[in-house]
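Data from input_9.cif: mmCIF, C-alpha atoms and all ligand atoms
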```cif
data_upload
#
loop_
_atom_site.label_atom_id
_atom_site.label_comp_id
_atom_site.auth_asym_id
_atom_site.auth_seq_id
_atom_site.Cartn_x
_atom_site.Cartn_y
_atom_site.Cartn_z
CA MET A 943 0.00 0.00 0.00
CA ALA A 944 1.28 3.50 -0.80
CA PRO A 945 2.34 5.58 2.22
CA PRO A 946 -0.14 8.34 3.23
CA GLU A 947 2.23 11.08 1.94
CA ASP A 948 1.66 9.81 -1.61
CA ASP A 949 -2.12 10.04 -1.24
CA THR A 950 -1.77 13.65 -0.12
CA LYS A 951 0.43 14.41 -3.11
CA VAL A 952 -2.03 12.85 -5.56
CA THR A 953 -4.91 14.88 -4.04
CA GLU A 954 -2.87 18.11 -4.20
CA GLU A 955 -1.96 17.46 -7.83
CA ALA A 956 -5.61 16.73 -8.71
CA MET A 957 -6.69 19.98 -7.00
CA ALA A 958 -4.00 21.95 -8.84
CA ALA A 959 -5.12 20.45 -12.17
CA GLU A 960 -8.73 21.40 -11.37
CA GLU A 961 -7.65 24.98 -10.54
CA GLU A 962 -5.93 25.21 -13.93
CA GLU A 963 -9.27 24.63 -15.67
CA LYS A 964 -11.19 27.43 -13.89
CA PRO A 965 -11.27 30.94 -15.40
CA ILE A 966 -8.69 33.21 -13.77
CA SER A 967 -10.48 35.57 -11.44
CA THR A 968 -7.99 37.28 -9.10
CA ILE A 969 -4.56 38.58 -10.09
CA VAL A 970 -1.98 40.07 -7.74
CA PHE A 971 0.67 42.28 -9.32
CA VAL A 972 3.73 42.78 -7.14
CA ILE A 973 5.41 46.01 -8.26
CA ALA A 974 8.35 47.39 -6.27
CA MET A 975 8.40 51.05 -7.36
CA GLN A 976 5.60 53.59 -7.22
CA SER A 977 6.65 55.02 -10.59
CA GLU A 978 6.16 51.55 -12.12
CA ALA A 979 2.80 50.99 -10.37
CA LEU A 980 1.02 54.34 -10.86
CA PRO A 981 0.57 54.25 -14.66
CA LEU A 982 -1.29 50.94 -14.23
CA VAL A 983 -3.28 52.22 -11.27
CA ASN A 984 -4.47 55.13 -13.43
CA ARG A 985 -5.08 53.05 -16.54
CA PHE A 986 -7.33 50.57 -14.69
CA GLN A 987 -8.78 53.27 -12.41
CA LEU A 988 -7.79 51.25 -9.37
CA THR A 989 -8.41 52.68 -5.92
CA GLU A 990 -6.41 52.45 -2.73
CA ASP A 991 -7.88 50.31 0.00
CA PRO A 992 -9.17 52.51 2.87
CA ASP A 993 -9.24 49.44 5.20
CA SER A 994 -5.95 47.84 4.34
CA VAL A 995 -5.79 44.06 4.14
CA PHE A 996 -2.29 44.41 5.57
CA PRO A 997 -1.40 44.89 9.24
CA LYS A 998 -1.81 48.42 10.62
CA GLY A 999 1.34 50.50 10.41
CA PHE A 1000 2.84 48.57 7.48
CA PRO A 1001 3.74 50.71 4.46
CA TRP A 1002 2.37 48.19 1.92
CA VAL A 1003 -0.28 49.58 -0.44
CA ARG A 1004 -3.00 47.68 -2.30
CA TYR A 1005 -4.70 49.30 -5.27
CA HIS A 1006 -7.65 47.34 -6.57
CA GLY A 1007 -10.55 47.29 -8.97
CA ILE A 1008 -12.37 45.19 -11.53
CA TYR A 1009 -11.44 45.14 -15.20
CA LYS A 1010 -13.54 42.95 -17.50
CA ASP A 1011 -13.93 39.72 -15.47
CA LEU A 1012 -10.74 40.17 -13.44
CA HIS A 1013 -10.15 41.35 -9.88
CA ILE A 1014 -6.94 43.32 -10.32
CA ASN A 1015 -4.74 44.03 -7.31
CA ILE A 1016 -1.55 46.01 -7.55
CA ILE A 1017 0.58 45.60 -4.47
CA TRP A 1018 3.31 48.17 -3.91
CA PRO A 1019 5.49 47.59 -0.81
CA GLY A 1020 5.38 51.34 -0.19
CA LYS A 1021 8.07 53.62 1.13
CA ASP A 1022 10.54 52.48 3.73
CA PRO A 1023 9.37 53.94 7.06
CA VAL A 1024 12.91 55.04 8.00
CA TRP A 1025 14.39 56.24 4.71
CA GLY A 1026 11.30 57.30 2.78
CA VAL A 1027 12.33 55.60 -0.46
CA ASN A 1028 10.59 52.78 -2.38
CA SER A 1029 11.04 49.47 -0.54
CA VAL A 1030 12.87 47.70 -3.37
CA GLY A 1031 14.69 44.38 -2.98
CA THR A 1032 14.08 40.81 -1.94
CA VAL A 1033 13.06 41.22 1.71
CA SER A 1034 10.03 43.43 1.05
CA ALA A 1035 9.18 41.48 -2.12
CA SER A 1036 8.92 38.13 -0.30
CA LEU A 1037 7.00 39.57 2.65
CA VAL A 1038 4.48 41.42 0.54
CA THR A 1039 3.96 38.45 -1.78
CA TYR A 1040 3.29 36.13 1.14
CA ALA A 1041 0.92 38.60 2.83
CA SER A 1042 -0.94 39.25 -0.44
CA ILE A 1043 -1.43 35.53 -1.07
CA GLN A 1044 -2.76 35.05 2.46
CA ALA A 1045 -5.15 38.01 2.21
CA LEU A 1046 -6.32 37.82 -1.40
CA LYS A 1047 -5.93 34.15 -2.47
CA PRO A 1048 -4.94 35.07 -6.04
CA ASP A 1049 -5.09 32.64 -8.98
CA LEU A 1050 -1.95 34.19 -10.42
CA ILE A 1051 0.93 36.43 -9.29
CA VAL A 1052 2.54 38.77 -11.78
CA ASN A 1053 5.79 40.42 -10.71
CA ALA A 1054 6.22 43.38 -13.05
CA GLY A 1055 9.03 45.90 -13.06
CA THR A 1056 12.22 47.14 -14.60
CA CYS A 1057 15.47 45.24 -14.94
CA GLY A 1058 19.01 45.42 -16.21
CA GLY A 1059 19.73 43.51 -19.42
CA PHE A 1060 22.78 41.85 -20.93
CA LYS A 1061 23.35 42.86 -24.53
CA ALA A 1062 25.63 39.82 -24.94
CA LYS A 1063 22.49 37.72 -24.40
CA GLY A 1064 20.36 39.77 -26.82
CA ALA A 1065 18.74 42.33 -24.49
CA CYS A 1066 18.10 45.92 -25.66
CA ILE A 1067 16.83 48.99 -23.78
CA GLY A 1068 13.01 48.94 -23.74
CA ASP A 1069 12.68 45.19 -24.36
CA VAL A 1070 10.04 43.43 -22.28
CA PHE A 1071 10.97 39.95 -21.08
CA LEU A 1072 8.84 37.15 -19.70
CA ALA A 1073 11.26 35.18 -17.50
CA SER A 1074 11.57 31.45 -18.17
CA GLU A 1075 13.49 30.80 -14.94
CA VAL A 1076 14.53 32.76 -11.85
CA ALA A 1077 17.54 32.36 -9.53
CA PHE A 1078 19.52 34.38 -6.97
CA HIS A 1079 23.04 35.66 -7.67
CA ASP A 1080 24.11 37.00 -4.26
CA ARG A 1081 23.49 34.06 -1.94
CA ARG A 1082 26.81 32.26 -2.08
CA ILE A 1083 27.03 29.34 0.37
CA PRO A 1084 29.92 27.09 -0.76
CA ILE A 1085 28.81 23.97 1.10
CA PRO A 1086 27.26 21.06 -0.83
CA VAL A 1087 23.49 21.41 -1.26
CA PHE A 1088 23.46 24.79 0.56
CA ASP A 1089 25.07 26.15 -2.61
CA GLN A 1090 22.03 25.04 -4.65
CA TYR A 1091 19.63 26.28 -1.97
CA GLY A 1092 21.32 29.70 -2.15
CA ILE A 1093 20.95 29.90 -5.93
CA GLY A 1094 17.32 28.79 -5.59
CA ALA A 1095 16.81 28.30 -9.34
CA GLN A 1096 13.17 27.77 -10.27
CA GLN A 1097 11.22 27.40 -13.49
CA THR A 1098 8.46 29.98 -13.78
CA PHE A 1099 4.85 29.12 -14.62
CA SER A 1100 4.85 28.23 -18.30
CA THR A 1101 2.74 30.52 -20.54
CA PRO A 1102 3.56 29.48 -24.13
CA ASN A 1103 0.41 31.00 -25.67
CA LEU A 1104 0.92 34.34 -23.92
CA LEU A 1105 4.55 34.43 -25.05
CA GLN A 1106 3.64 33.68 -28.63
CA LYS A 1107 0.63 36.00 -28.88
CA LEU A 1108 2.29 39.06 -27.34
CA ILE A 1109 5.66 38.51 -29.02
CA LEU A 1110 7.59 39.08 -25.80
CA LYS A 1111 11.23 38.10 -25.42
CA THR A 1112 12.10 35.34 -22.99
CA GLY A 1113 15.21 34.60 -20.95
CA LYS A 1114 16.44 33.71 -17.48
CA LEU A 1115 16.15 36.28 -14.69
CA SER A 1116 18.76 36.60 -11.94
CA THR A 1117 17.88 38.39 -8.69
CA GLY A 1118 20.04 40.11 -6.09
CA ASP A 1119 19.79 42.97 -3.62
CA SER A 1120 22.08 45.40 -5.45
CA LEU A 1121 21.49 47.68 -8.43
CA ASP A 1122 25.15 47.45 -9.37
CA MET A 1123 27.08 44.25 -10.06
CA SER A 1124 30.14 43.07 -8.14
CA PRO A 1125 32.63 40.69 -9.82
CA GLN A 1126 31.26 37.85 -7.65
CA ASP A 1127 27.71 38.68 -8.69
CA GLU A 1128 28.78 38.73 -12.32
CA ALA A 1129 30.23 35.21 -12.06
CA SER A 1130 27.00 33.95 -10.48
CA ILE A 1131 24.83 35.71 -13.08
CA ILE A 1132 26.86 34.07 -15.86
CA ALA A 1133 26.52 30.70 -14.09
CA ASN A 1134 22.75 31.35 -13.90
CA ASP A 1135 22.81 31.92 -17.69
CA ALA A 1136 20.75 35.09 -17.11
CA THR A 1137 19.65 37.55 -19.79
CA VAL A 1138 18.12 39.99 -17.31
CA LYS A 1139 18.83 41.03 -13.72
CA ASP A 1140 16.46 42.50 -11.13
CA MET A 1141 16.05 42.93 -7.36
CA GLU A 1142 12.80 41.05 -6.61
CA GLY A 1143 11.93 38.21 -9.01
CA ALA A 1144 13.41 35.15 -7.28
CA ALA A 1145 12.11 36.39 -3.91
CA VAL A 1146 8.55 36.70 -5.24
CA ALA A 1147 8.95 33.24 -6.80
CA TYR A 1148 10.02 31.78 -3.44
CA ALA A 1149 6.91 33.00 -1.62
CA ALA A 1150 4.61 32.06 -4.52
CA ASP A 1151 6.11 28.58 -4.78
CA LEU A 1152 5.74 27.90 -1.03
CA SER A 1153 2.07 28.80 -1.42
CA THR A 1154 1.68 26.87 -4.73
CA VAL A 1155 0.43 29.96 -6.55
CA PRO A 1156 1.64 30.23 -10.17
CA ALA A 1157 3.81 33.27 -10.83
CA ILE A 1158 5.07 35.03 -13.95
CA PHE A 1159 7.71 37.76 -14.27
CA VAL A 1160 7.41 40.67 -16.70
CA LYS A 1161 10.56 42.77 -16.80
CA ALA A 1162 11.39 45.79 -18.95
CA VAL A 1163 15.04 46.70 -19.59
CA THR A 1164 16.13 50.18 -18.38
CA ASP A 1165 19.90 49.65 -18.58
CA LEU A 1166 22.47 47.42 -20.18
CA VAL A 1167 24.66 45.95 -17.48
CA ASP A 1168 27.40 45.05 -20.00
CA GLY A 1169 27.01 48.37 -21.88
CA ASP A 1170 29.15 51.51 -21.75
CA LYS A 1171 27.06 53.77 -19.49
CA PRO A 1172 27.07 53.67 -15.68
CA THR A 1173 24.05 51.63 -14.50
CA THR A 1174 22.52 54.29 -12.22
CA GLU A 1175 22.73 57.01 -14.88
CA GLU A 1176 21.22 54.79 -17.57
CA PHE A 1177 18.51 53.45 -15.23
CA LEU A 1178 17.36 56.95 -14.21
CA GLU A 1179 17.57 58.26 -17.78
CA ASN A 1180 15.31 55.49 -19.17
CA LEU A 1181 13.00 54.86 -16.22
CA ALA A 1182 10.04 56.99 -17.40
CA ALA A 1183 10.04 55.81 -21.04
CA VAL A 1184 10.58 52.14 -20.16
CA THR A 1185 7.86 52.30 -17.51
CA ALA A 1186 5.44 53.43 -20.23
CA THR A 1187 6.45 50.41 -22.34
CA LEU A 1188 5.98 48.12 -19.35
CA ASP A 1189 2.53 49.62 -18.74
CA GLN A 1190 1.50 48.83 -22.33
CA SER A 1191 2.79 45.24 -22.07
CA VAL A 1192 0.98 44.64 -18.79
CA MET A 1193 -2.22 45.98 -20.36
CA ASN A 1194 -1.81 43.50 -23.25
CA ILE A 1195 -1.12 40.68 -20.79
CA ILE A 1196 -4.27 41.49 -18.79
CA ASP A 1197 -6.35 41.58 -21.97
CA PHE A 1198 -4.89 38.22 -22.98
CA ILE A 1199 -5.55 36.65 -19.57
CA SER A 1200 -9.16 37.87 -19.34
CA GLY A 1201 -11.63 35.00 -19.84
CA LYS A 1202 -8.92 32.33 -19.82
CA CYS A 1203 -7.91 29.65 -17.36
CA LEU A 1204 -4.33 28.96 -16.30
CA SER A 1205 -3.97 26.00 -18.67
CA GLU A 1206 -4.71 28.30 -21.63
CA LEU A 1207 -1.92 30.78 -20.89
N1 LIG A 1301 16.33 47.29 -12.22
C1 LIG A 1301 16.62 48.07 -13.27
N2 LIG A 1301 17.91 47.94 -13.62
C2 LIG A 1301 18.48 47.05 -12.77
C3 LIG A 1301 19.77 46.51 -12.62
N3 LIG A 1301 20.77 46.86 -13.40
N4 LIG A 1301 19.95 45.63 -11.62
C4 LIG A 1301 18.94 45.27 -10.80
N5 LIG A 1301 17.71 45.76 -10.90
C5 LIG A 1301 17.46 46.63 -11.88
#
```

Before we go any further, please render this structure as structure tokens.
Amino acid sequence: MAPPEDDTKVTEEAMAAEEEEKPISTIVFVIAMQSEALPLVNRFQLTEDPDSVFPKGFPWVRYHGIYKDLHINIIWPGKDPVWGVNSVGTVSASLVTYASIQALKPDLIVNAGTCGGFKAKGACIGDVFLASEVAFHDRRIPIPVFDQYGIGAQQTFSTPNLLQKLILKTGKLSTGDSLDMSPQDEASIIANDATVKDMEGAAVAYAADLSTVPAIFVKAVTDLVDGDKPTTEEFLENLAAVTATLDQSVMNIIDFISGKCLSEL
């Protein structure tokens, strides 16, 4: 007789398969920067929650509304209470993803934002990528198995129809807590075979995976990490224009998702 663990696994798999056949109803967008979130908030006429679903005193902001048949939630981790800047990076991203899943029970998580791209891997400024895989590049633990845990490579939820219909680029995404790139990070990013680099993706994936919620990663390139310009300068120079491109892509993605179930993406 099969051990009880196997029965549980079979039931979970059957439930997941059933979920994949239901129309998608609730989407949570995790967006780290206000300047990336606000164009979408305005486009979908989303409103800020007066009674936050998040604990009192937390800076996290939920904008929500209904578009076509979809409950759209944009979650912005808000401004850091001490420093007053956008709460970018992996710590806030994981926390806010977990809390959003608990509060809103989404069918799908979409982590949208800007990223650095590698021109050697075919990235150009303004490109929008749908990540095929995510991994960390700044969690080096050179002990067997811990090394793999640190990298935390994960396949993302596969959306072949979405990729084909919207003609997005695809590539691997590497995540770390720095905007710049140290020589050690560079070696890890190369080992991760990444085309794009951000500060949240793999952390959102971690929380989504623990909760068995499918997640996709839409990243628009503001700067070329292996280009000639300093990253910060290029990032700030392109942020507004690239955010507009990201906004358009997210709009197209939402229109594509509307009326479909997960297995059709
Ligand atoms: N977001 C935009 N550009 C980035 C870069 N170069 N590294 C990490 N995150 C980014």

Let me see if you get this right: every residue at most 6 Å from ligand LIG 1301 (chain A), counting all atoms listed in the file, written as a PDB file with C-alpha atoms, keeping the file's coordinate frame.
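What ended up in out.pdb:
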```pdb
ATOM      1  CA  THR A1056      12.220  47.140 -14.600  1.00  0.00           C
ATOM      2  CA  CYS A1057      15.470  45.240 -14.940  1.00  0.00           C
ATOM      3  CA  GLY A1058      19.010  45.420 -16.210  1.00  0.00           C
ATOM      4  CA  LEU A1121      21.490  47.680  -8.430  1.00  0.00           C
ATOM      5  CA  ASP A1122      25.150  47.450  -9.370  1.00  0.00           C
ATOM      6  CA  LYS A1139      18.830  41.030 -13.720  1.00  0.00           C
ATOM      7  CA  ASP A1140      16.460  42.500 -11.130  1.00  0.00           C
ATOM      8  CA  MET A1141      16.050  42.930  -7.360  1.00  0.00           C
ATOM      9  CA  THR A1164      16.130  50.180 -18.380  1.00  0.00           C
ATOM     10  CA  ASP A1165      19.900  49.650 -18.580  1.00  0.00           C
ATOM     11  CA  VAL A1167      24.660  45.950 -17.480  1.00  0.00           C
ATOM     12  CA  THR A1173      24.050  51.630 -14.500  1.00  0.00           C
ATOM     13  CA  PHE A1177      18.510  53.450 -15.230  1.00  0.00           C
TER      14      PHE A1177
END
```

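CA of Gln976 in chain A is found 7.4 Å from CA of Gly1020 in chain A.
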
Of A:Leu1115, A:Ile1196, A:Leu988, A:Val983, the one sitting nearest Lys1063 in chain A when using only C-alpha atoms is A:Leu1115

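Put simply, CA of Glu962 in chain A is 24.3 Å away from CA of Lys1111 in chain A.
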
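The space between CA of Pro1156 in chain A and CA of Asn1134 in chain A spans 21.5 Å.
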
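The residue that comes closest to Leu980 in chain A, out of A:Val995, A:Ala1133, A:Leu1166, A:Ala1182 and on the basis of only C-alpha atoms, is A:Ala1182.
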